[in-house]
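Read the structure below first, then the notes.
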Amino acid sequence: MFAFTTNQWVIVALVFVLGWLFGLFTLSGNRRWKPDFERERTLRIAAEEQNDRLSAKLTELEGERDRRVELEREREHHAARAAAASERIAELEKRRPAVNADTAGAIAAAASGQRDDLARIFGVGRGGEIRLNELGIHRYADIIALSPSEEAELEGRMGLAPGAIADERWREQAEILRKGEFDEHARRFA
(Lines give C-alpha, C1' and ligand atoms only; values in the text may rest on other atoms or scores of the structure.)
Protein backbone atom coordinates (compact mmCIF):
# COMPACT_ATOMS: atom_id res chain seq x y z
CA MET A 1 0.00 0.00 0.00
CA PHE A 2 1.00 3.59 -0.53
CA ALA A 3 2.41 5.56 2.28
CA PHE A 4 0.81 8.99 2.35
CA THR A 5 1.48 11.82 4.66
CA THR A 6 -1.32 13.64 6.34
CA ASN A 7 -1.06 16.52 3.92
CA GLN A 8 -1.29 14.14 1.01
CA TRP A 9 -4.39 12.48 2.52
CA VAL A 10 -5.96 15.90 2.90
CA ILE A 11 -5.17 16.74 -0.73
CA VAL A 12 -6.64 13.45 -1.92
CA ALA A 13 -9.77 14.06 0.16
CA LEU A 14 -10.06 17.59 -1.22
CA VAL A 15 -9.71 16.30 -4.77
CA PHE A 16 -12.51 13.77 -4.13
CA VAL A 17 -14.73 16.42 -2.55
CA LEU A 18 -14.06 18.86 -5.40
CA GLY A 19 -14.74 16.10 -7.96
CA TRP A 20 -17.96 15.24 -6.17
CA LEU A 21 -19.05 18.92 -6.13
CA PHE A 22 -18.06 19.36 -9.75
CA GLY A 23 -20.14 16.25 -10.63
CA LEU A 24 -23.15 17.61 -8.76
CA PHE A 25 -22.77 20.96 -10.46
CA THR A 26 -22.54 19.42 -13.93
CA LEU A 27 -25.34 16.93 -13.18
CA SER A 28 -27.89 19.71 -12.90
CA GLY A 29 -26.66 21.03 -16.23
CA ASN A 30 -27.13 17.60 -17.80
CA ARG A 31 -30.80 17.77 -17.03
CA ARG A 32 -31.14 20.98 -19.05
CA TRP A 33 -30.09 19.34 -22.33
CA LYS A 34 -32.61 16.52 -22.03
CA PRO A 35 -35.72 18.61 -22.98
CA ASP A 36 -33.75 20.14 -25.86
CA PHE A 37 -32.74 16.65 -27.00
CA GLU A 38 -36.33 15.40 -26.81
CA ARG A 39 -37.58 18.45 -28.74
CA GLU A 40 -34.93 17.93 -31.43
CA ARG A 41 -35.77 14.24 -31.61
CA THR A 42 -39.50 15.00 -32.00
CA LEU A 43 -38.77 17.59 -34.71
CA ARG A 44 -36.55 15.12 -36.56
CA ILE A 45 -39.23 12.40 -36.45
CA ALA A 46 -41.84 14.89 -37.73
CA ALA A 47 -39.47 16.02 -40.50
CA GLU A 48 -38.84 12.40 -41.58
CA GLU A 49 -42.60 11.68 -41.61
CA GLN A 50 -43.21 14.81 -43.70
CA ASN A 51 -40.39 13.78 -46.03
CA ASP A 52 -42.03 10.34 -46.46
CA ARG A 53 -45.44 11.94 -47.15
CA LEU A 54 -43.95 14.36 -49.66
CA SER A 55 -42.05 11.53 -51.37
CA ALA A 56 -45.28 9.54 -51.69
CA LYS A 57 -47.08 12.63 -53.03
CA LEU A 58 -44.26 13.21 -55.53
CA THR A 59 -44.53 9.61 -56.74
CA GLU A 60 -48.30 10.02 -57.09
CA LEU A 61 -47.92 13.28 -59.03
CA GLU A 62 -45.33 11.74 -61.33
CA GLY A 63 -47.76 8.90 -62.06
CA GLU A 64 -50.51 11.44 -62.76
CA ARG A 65 -48.18 13.33 -65.09
CA ASP A 66 -47.39 10.12 -66.96
CA ARG A 67 -51.13 9.34 -67.29
CA ARG A 68 -51.79 12.86 -68.61
CA VAL A 69 -48.99 12.56 -71.13
CA GLU A 70 -50.47 9.26 -72.32
CA LEU A 71 -53.96 10.80 -72.53
CA GLU A 72 -52.57 13.72 -74.52
CA ARG A 73 -50.96 11.27 -76.95
CA GLU A 74 -54.28 9.44 -77.31
CA ARG A 75 -56.12 12.75 -77.84
CA GLU A 76 -53.67 13.74 -80.55
CA HIS A 77 -54.10 10.32 -82.17
CA HIS A 78 -57.90 10.65 -82.11
CA ALA A 79 -57.70 14.21 -83.42
CA ALA A 80 -55.54 13.03 -86.31
CA ARG A 81 -58.00 10.22 -87.07
CA ALA A 82 -60.94 12.65 -86.90
CA ALA A 83 -59.16 15.05 -89.26
CA ALA A 84 -58.49 12.22 -91.71
CA ALA A 85 -62.12 11.11 -91.47
CA SER A 86 -63.30 14.69 -92.06
CA GLU A 87 -61.11 14.95 -95.13
CA ARG A 88 -62.51 11.66 -96.43
CA ILE A 89 -66.10 12.80 -95.81
CA ALA A 90 -65.43 16.08 -97.59
CA GLU A 91 -63.96 14.16 -100.52
CA LEU A 92 -66.98 11.83 -100.66
CA GLU A 93 -69.42 14.73 -100.43
CA LYS A 94 -67.79 16.37 -103.42
CA ARG A 95 -68.60 13.22 -105.42
CA ARG A 96 -72.12 12.82 -104.00
CA PRO A 97 -74.88 13.26 -106.56
CA ALA A 98 -77.24 16.17 -106.28
CA VAL A 99 -80.65 15.69 -104.68
CA ASN A 100 -82.88 13.85 -107.13
CA ALA A 101 -86.57 14.57 -107.72
CA ASP A 102 -87.76 11.74 -105.45
CA THR A 103 -85.68 12.98 -102.53
CA ALA A 104 -86.87 16.52 -103.16
CA GLY A 105 -90.47 15.26 -103.12
CA ALA A 106 -89.87 13.45 -99.82
CA ILE A 107 -88.38 16.58 -98.29
CA ALA A 108 -91.27 18.70 -99.54
CA ALA A 109 -93.81 16.22 -98.17
CA ALA A 110 -92.14 16.22 -94.78
CA ALA A 111 -91.97 20.01 -94.70
CA SER A 112 -95.63 20.41 -95.59
CA GLY A 113 -96.79 17.81 -93.05
CA GLN A 114 -98.13 15.55 -95.80
CA ARG A 115 -96.38 12.42 -94.58
CA ASP A 116 -96.58 10.04 -91.66
CA ASP A 117 -93.75 8.74 -89.50
CA LEU A 118 -93.19 5.51 -91.41
CA ALA A 119 -90.17 4.70 -89.26
CA ARG A 120 -92.61 3.63 -86.51
CA ILE A 121 -93.44 0.54 -88.54
CA PHE A 122 -91.39 -2.37 -87.26
CA GLY A 123 -88.96 -3.39 -90.00
CA VAL A 124 -88.81 0.02 -91.72
CA GLY A 125 -86.61 2.27 -89.53
CA ARG A 126 -85.30 5.71 -90.51
CA GLY A 127 -83.30 4.49 -93.48
CA GLY A 128 -86.29 2.57 -94.82
CA GLU A 129 -88.53 5.59 -94.29
CA ILE A 130 -86.21 7.75 -96.40
CA ARG A 131 -86.15 5.09 -99.11
CA LEU A 132 -89.97 4.76 -99.00
CA ASN A 133 -90.29 8.55 -99.27
CA GLU A 134 -87.94 8.55 -102.25
CA LEU A 135 -90.16 5.90 -103.85
CA GLY A 136 -93.24 8.10 -103.35
CA ILE A 137 -94.72 6.43 -100.23
CA HIS A 138 -95.33 9.06 -97.56
CA ARG A 139 -98.39 7.98 -95.59
CA TYR A 140 -99.66 4.91 -93.77
CA ALA A 141 -102.55 4.81 -96.26
CA ASP A 142 -100.03 4.37 -99.10
CA ILE A 143 -98.75 1.17 -97.48
CA ILE A 144 -102.28 -0.09 -96.72
CA ALA A 145 -103.28 0.47 -100.38
CA LEU A 146 -100.37 -1.55 -101.88
CA SER A 147 -101.48 -4.35 -104.21
CA PRO A 148 -99.59 -7.67 -104.09
CA SER A 149 -97.70 -6.79 -107.27
CA GLU A 150 -96.82 -3.32 -105.95
CA GLU A 151 -95.69 -4.94 -102.71
CA ALA A 152 -93.39 -7.34 -104.60
CA GLU A 153 -92.02 -4.46 -106.70
CA LEU A 154 -91.43 -2.37 -103.53
CA GLU A 155 -89.57 -5.26 -101.90
CA GLY A 156 -87.36 -5.53 -104.97
CA ARG A 157 -86.64 -1.80 -105.15
CA MET A 158 -85.84 -1.63 -101.43
CA GLY A 159 -83.67 -4.76 -101.55
CA LEU A 160 -85.90 -6.70 -99.17
CA ALA A 161 -86.40 -10.45 -99.27
CA PRO A 162 -89.56 -11.54 -101.10
CA GLY A 163 -92.47 -11.63 -98.66
CA ALA A 164 -90.74 -9.41 -96.07
CA ILE A 165 -93.57 -6.83 -96.07
CA ALA A 166 -96.17 -9.53 -95.42
CA ASP A 167 -93.98 -11.31 -92.84
CA GLU A 168 -93.44 -8.10 -90.88
CA ARG A 169 -97.15 -7.20 -91.29
CA TRP A 170 -96.55 -3.67 -92.58
CA ARG A 171 -100.20 -3.28 -93.64
CA GLU A 172 -101.53 -4.26 -90.23
CA GLN A 173 -99.04 -1.97 -88.47
CA ALA A 174 -99.87 0.91 -90.84
CA GLU A 175 -103.60 0.49 -90.15
CA ILE A 176 -103.07 0.63 -86.36
CA LEU A 177 -100.77 3.66 -86.66
CA ARG A 178 -103.15 5.42 -89.12
CA LYS A 179 -105.84 5.18 -86.43
CA GLY A 180 -103.45 6.78 -83.92
CA GLU A 181 -103.33 3.72 -81.66
CA PHE A 182 -99.65 4.07 -80.87
CA ASP A 183 -99.85 2.27 -77.49
CA GLU A 184 -101.58 -0.69 -79.11
CA HIS A 185 -98.91 -0.77 -81.81
CA ALA A 186 -96.14 -0.64 -79.24
CA ARG A 187 -97.79 -3.43 -77.24
CA ARG A 188 -98.16 -5.72 -80.24
CA PHE A 189 -95.06 -4.99 -82.32
CA ALA A 190 -92.34 -3.51 -80.12
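Ordering of the C-alpha coordinates sets the chain letters (A, B, ...), residue numbers begin anew at 1 in every chain, and ligands are numbered from 1 in the order given.
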Residues within 9 Å of range 116-132 of chain A, only C-alpha atoms, excluding chain neighbours under 2 positions, as a ChimeraX atom specification: /A:103,106,110,113-114,134-140,154,158,164-165,168-170,173-174,177-178,185,189-190
Run DSSP on the backbone and grab whatever in range 16-168 of chain A lands in helix (DSSP H, G or I); send it over as JSON, numbers by chain. {"A": [16, 17, 18, 19, 20, 21, 22, 23, 24, 25, 26, 27, 28, 29, 30, 31, 32, 33, 34, 35, 36, 37, 38, 39, 40, 41, 42, 43, 44, 45, 46, 47, 48, 49, 50, 51, 52, 53, 54, 55, 56, 57, 58, 59, 60, 61, 62, 63, 64, 65, 66, 67, 68, 69, 70, 71, 72, 73, 74, 75, 76, 77, 78, 79, 80, 81, 82, 83, 84, 85, 86, 87, 88, 89, 90, 91, 92, 93, 94, 95, 101, 102, 103, 104, 105, 106, 107, 108, 109, 110, 111, 112, 118, 119, 120, 125, 126, 127, 128, 129, 130, 131, 132, 133, 134, 140, 141, 142, 143, 144, 148, 149, 150, 151, 152, 153, 154, 155, 156, 157, 158, 164, 165, 166, 167]}
Taken to one decimal, the CA of Gly23 in chain A-CA of Phe4 in chain A distance is 25.7 Å
